[in-house]
$ cat my_file_33.pdb   # PDB, N, CA and C atoms
MODEL        1
ATOM      1  N   MET L   1      -9.981  -5.634 -12.490
ATOM      2  CA  MET L   1      -8.633  -6.134 -12.767
ATOM      3  C   MET L   1      -7.614  -4.991 -12.739
ATOM      4  N   VAL L   2      -7.960  -3.902 -13.423
ATOM      5  CA  VAL L   2      -7.041  -2.763 -13.472
ATOM      6  C   VAL L   2      -6.885  -2.149 -12.088
ATOM      7  N   LEU L   3      -7.988  -2.075 -11.342
ATOM      8  CA  LEU L   3      -7.931  -1.515  -9.993
ATOM      9  C   LEU L   3      -7.042  -2.355  -9.085
ATOM     10  N   GLY L   4      -7.088  -3.668  -9.250
ATOM     11  CA  GLY L   4      -6.231  -4.547  -8.462
ATOM     12  C   GLY L   4      -4.760  -4.314  -8.749
ATOM     13  N   VAL L   5      -4.422  -4.136 -10.017
ATOM     14  CA  VAL L   5      -3.026  -3.882 -10.391
ATOM     15  C   VAL L   5      -2.562  -2.548  -9.815
ATOM     16  N   ILE L   6      -3.426  -1.537  -9.884
ATOM     17  CA  ILE L   6      -3.073  -0.224  -9.339
ATOM     18  C   ILE L   6      -2.862  -0.313  -7.833
ATOM     19  N   LEU L   7      -3.719  -1.070  -7.154
ATOM     20  CA  LEU L   7      -3.590  -1.226  -5.704
ATOM     21  C   LEU L   7      -2.293  -1.938  -5.341
ATOM     22  N   ILE L   8      -1.943  -2.987  -6.090
ATOM     23  CA  ILE L   8      -0.703  -3.720  -5.823
ATOM     24  C   ILE L   8       0.509  -2.827  -6.051
ATOM     25  N   ILE L   9       0.497  -2.062  -7.143
ATOM     26  CA  ILE L   9       1.615  -1.158  -7.427
ATOM     27  C   ILE L   9       1.730  -0.097  -6.337
ATOM     28  N   GLY L  10       0.589   0.412  -5.865
ATOM     29  CA  GLY L  10       0.610   1.407  -4.797
ATOM     30  C   GLY L  10       1.199   0.865  -3.517
ATOM     31  N   VAL L  11       0.807  -0.351  -3.154
ATOM     32  CA  VAL L  11       1.333  -0.960  -1.929
ATOM     33  C   VAL L  11       2.834  -1.201  -2.058
ATOM     34  N   LEU L  12       3.281  -1.676  -3.223
ATOM     35  CA  LEU L  12       4.717  -1.890  -3.426
ATOM     36  C   LEU L  12       5.491  -0.576  -3.352
ATOM     37  N   PHE L  13       4.921   0.474  -3.941
ATOM     38  CA  PHE L  13       5.582   1.777  -3.943
ATOM     39  C   PHE L  13       5.752   2.310  -2.525
ATOM     40  N   PHE L  14       4.672   2.251  -1.727
ATOM     41  CA  PHE L  14       4.770   2.775  -0.371
ATOM     42  C   PHE L  14       5.614   1.875   0.519
ATOM     43  N   SER L  15       5.632   0.568   0.227
ATOM     44  CA  SER L  15       6.523  -0.318   0.973
ATOM     45  C   SER L  15       7.981   0.037   0.688
ATOM     46  N   TYR L  16       8.284   0.363  -0.566
ATOM     47  CA  TYR L  16       9.638   0.777  -0.924
ATOM     48  C   TYR L  16      10.004   2.088  -0.229
ATOM     49  N   LEU L  17       9.050   3.020  -0.156
ATOM     50  CA  LEU L  17       9.318   4.272   0.545
ATOM     51  C   LEU L  17       9.591   4.031   2.026
ATOM     52  N   LYS L  18       8.834   3.115   2.632
ATOM     53  CA  LYS L  18       9.070   2.809   4.044
ATOM     54  C   LYS L  18      10.431   2.146   4.232
ATOM     55  N   HIS L  19      10.845   1.306   3.274
ATOM     56  CA  HIS L  19      12.172   0.686   3.332
ATOM     57  C   HIS L  19      13.263   1.758   3.241
ATOM     58  N   LEU L  20      13.090   2.701   2.318
ATOM     59  CA  LEU L  20      14.058   3.791   2.208
ATOM     60  C   LEU L  20      14.119   4.592   3.500
ATOM     61  N   LYS L  21      12.971   4.846   4.095
ATOM     62  CA  LYS L  21      12.931   5.606   5.344
ATOM     63  C   LYS L  21      13.706   4.889   6.436
ATOM     64  N   ARG L  22      13.516   3.569   6.526
ATOM     65  CA  ARG L  22      14.185   2.816   7.587
ATOM     66  C   ARG L  22      15.696   2.762   7.376
ATOM     67  N   THR L  23      16.138   2.592   6.129
ATOM     68  CA  THR L  23      17.562   2.380   5.886
ATOM     69  C   THR L  23      18.353   3.681   5.774
ATOM     70  N   ARG L  24      17.784   4.705   5.115
ATOM     71  CA  ARG L  24      18.570   5.906   4.838
ATOM     72  C   ARG L  24      18.175   7.118   5.664
ATOM     73  N   TYR L  25      16.900   7.204   6.026
ATOM     74  CA  TYR L  25      16.421   8.392   6.738
ATOM     75  C   TYR L  25      15.689   7.973   8.016
ATOM     76  N   PRO L  26      16.407   7.451   9.008
ATOM     77  CA  PRO L  26      15.714   6.940  10.201
ATOM     78  C   PRO L  26      15.047   8.030  11.031
ATOM     79  N   ASN L  27      15.516   9.272  10.939
ATOM     80  CA  ASN L  27      14.938  10.348  11.745
ATOM     81  C   ASN L  27      13.916  11.179  10.981
ATOM     82  N   TRP L  28      13.661  10.846   9.720
ATOM     83  CA  TRP L  28      12.729  11.608   8.900
ATOM     84  C   TRP L  28      11.308  11.200   9.248
ATOM     85  N   LYS L  29      10.450  12.177   9.508
ATOM     86  CA  LYS L  29       9.060  11.888   9.850
ATOM     87  C   LYS L  29       8.268  11.677   8.561
ATOM     88  N   PHE L  30       8.039  10.425   8.232
ATOM     89  CA  PHE L  30       7.297  10.086   7.013
ATOM     90  C   PHE L  30       5.953   9.502   7.407
ATOM     91  N   PRO L  31       4.856  10.125   7.007
ATOM     92  CA  PRO L  31       3.542   9.595   7.392
ATOM     93  C   PRO L  31       3.258   8.260   6.721
ATOM     94  N   ASP L  32       2.615   7.396   7.453
ATOM     95  CA  ASP L  32       2.301   6.060   6.945
ATOM     96  C   ASP L  32       1.002   6.144   6.156
ATOM     97  N   TYR L  33       1.099   6.406   4.860
ATOM     98  CA  TYR L  33      -0.094   6.620   4.041
ATOM     99  C   TYR L  33      -0.903   5.339   3.890
ATOM    100  N   VAL L  34      -0.235   4.252   3.587
ATOM    101  CA  VAL L  34      -0.955   3.003   3.357
ATOM    102  C   VAL L  34      -0.547   2.015   4.437
ATOM    103  N   SER L  35      -1.432   1.776   5.347
ATOM    104  CA  SER L  35      -1.175   0.742   6.343
ATOM    105  C   SER L  35      -1.700  -0.583   5.810
ATOM    106  N   VAL L  36      -1.311  -1.656   6.436
ATOM    107  CA  VAL L  36      -1.740  -2.975   5.980
ATOM    108  C   VAL L  36      -3.249  -3.115   6.126
ATOM    109  N   GLY L  37      -3.799  -2.595   7.209
ATOM    110  CA  GLY L  37      -5.237  -2.691   7.416
ATOM    111  C   GLY L  37      -6.016  -1.949   6.352
ATOM    112  N   TYR L  38      -5.546  -0.775   5.941
ATOM    113  CA  TYR L  38      -6.245  -0.012   4.914
ATOM    114  C   TYR L  38      -6.138  -0.699   3.560
ATOM    115  N   ALA L  39      -4.984  -1.300   3.266
ATOM    116  CA  ALA L  39      -4.833  -2.030   2.008
ATOM    117  C   ALA L  39      -5.771  -3.236   1.975
ATOM    118  N   GLU L  40      -5.909  -3.942   3.105
ATOM    119  CA  GLU L  40      -6.837  -5.072   3.158
ATOM    120  C   GLU L  40      -8.271  -4.603   3.012
ATOM    121  N   TYR L  41      -8.597  -3.454   3.595
ATOM    122  CA  TYR L  41      -9.947  -2.903   3.464
ATOM    123  C   TYR L  41     -10.258  -2.601   2.004
ATOM    124  N   LEU L  42      -9.321  -1.969   1.300
ATOM    125  CA  LEU L  42      -9.549  -1.667  -0.112
ATOM    126  C   LEU L  42      -9.669  -2.940  -0.936
ATOM    127  N   TYR L  43      -8.850  -3.946  -0.606
ATOM    128  CA  TYR L  43      -8.915  -5.214  -1.322
ATOM    129  C   TYR L  43     -10.286  -5.855  -1.150
ATOM    130  N   ASN L  44     -10.762  -5.895   0.093
ATOM    131  CA  ASN L  44     -12.062  -6.514   0.346
ATOM    132  C   ASN L  44     -13.194  -5.709  -0.273
ATOM    133  N   LYS L  45     -13.065  -4.401  -0.308
ATOM    134  CA  LYS L  45     -14.147  -3.558  -0.813
ATOM    135  C   LYS L  45     -14.258  -3.634  -2.331
ATOM    136  N   TYR L  46     -13.134  -3.577  -3.044
ATOM    137  CA  TYR L  46     -13.183  -3.470  -4.497
ATOM    138  C   TYR L  46     -12.897  -4.783  -5.215
ATOM    139  N   ILE L  47     -11.843  -5.474  -4.856
ATOM    140  CA  ILE L  47     -11.395  -6.610  -5.658
ATOM    141  C   ILE L  47     -12.264  -7.830  -5.414
ATOM    142  N   LYS L  48     -12.565  -8.139  -4.156
ATOM    143  CA  LYS L  48     -13.384  -9.318  -3.888
ATOM    144  C   LYS L  48     -14.772  -9.178  -4.484
ATOM    145  N   ARG L  49     -15.290  -7.943  -4.549
ATOM    146  CA  ARG L  49     -16.614  -7.729  -5.118
ATOM    147  C   ARG L  49     -16.606  -8.023  -6.620
ATOM    148  N   THR L  50     -15.507  -7.702  -7.305
ATOM    149  CA  THR L  50     -15.455  -7.941  -8.743
ATOM    150  C   THR L  50     -15.206  -9.412  -9.054
ATOM    151  N   VAL L  51     -14.581 -10.151  -8.134
ATOM    152  CA  VAL L  51     -14.310 -11.570  -8.377
ATOM    153  C   VAL L  51     -15.588 -12.383  -8.310
ATOM    154  N   LYS L  52     -16.489 -12.006  -7.399
ATOM    155  CA  LYS L  52     -17.730 -12.772  -7.222
ATOM    156  C   LYS L  52     -18.604 -12.763  -8.448
TER
ENDMDL
END
$ encode --input "my_file_33.pdb" --output "structure tokens"
Amino acid sequence: MVLGVILIIGVLFFSYLKHLKRTRYPNWKFPDYVSVGYAEYLYNKYIKRTVK
């Protein structure tokens, strides 16, 4: 449960950073730390296992 909350907060945080990059710093090279595929991989690896 706690890991799921941390993962959700992390995804929201990096999504906000990507939004800031697009709106205020379009030429700034910001690495994409959390992609959607990696977030889904972590979700399937940790959260789905604890739900079962």
$ atom_distance --input "my_file_33.pdb" --atom1 "CA of Lys21 in chain L" --atom2 "CA of Ile9 in chain L"
18.4 Å
$ atom_distance --input "my_file_33.pdb" --atom1 "atom C of Val2 in chain L" --atom2 "CA of Ser15 in chain L"
18.8 Å
$ atom_distance --input "my_file_33.pdb" --atom1 "CA of Leu12 in chain L" --atom2 "CA of Lys45 in chain L"
19.1 Å
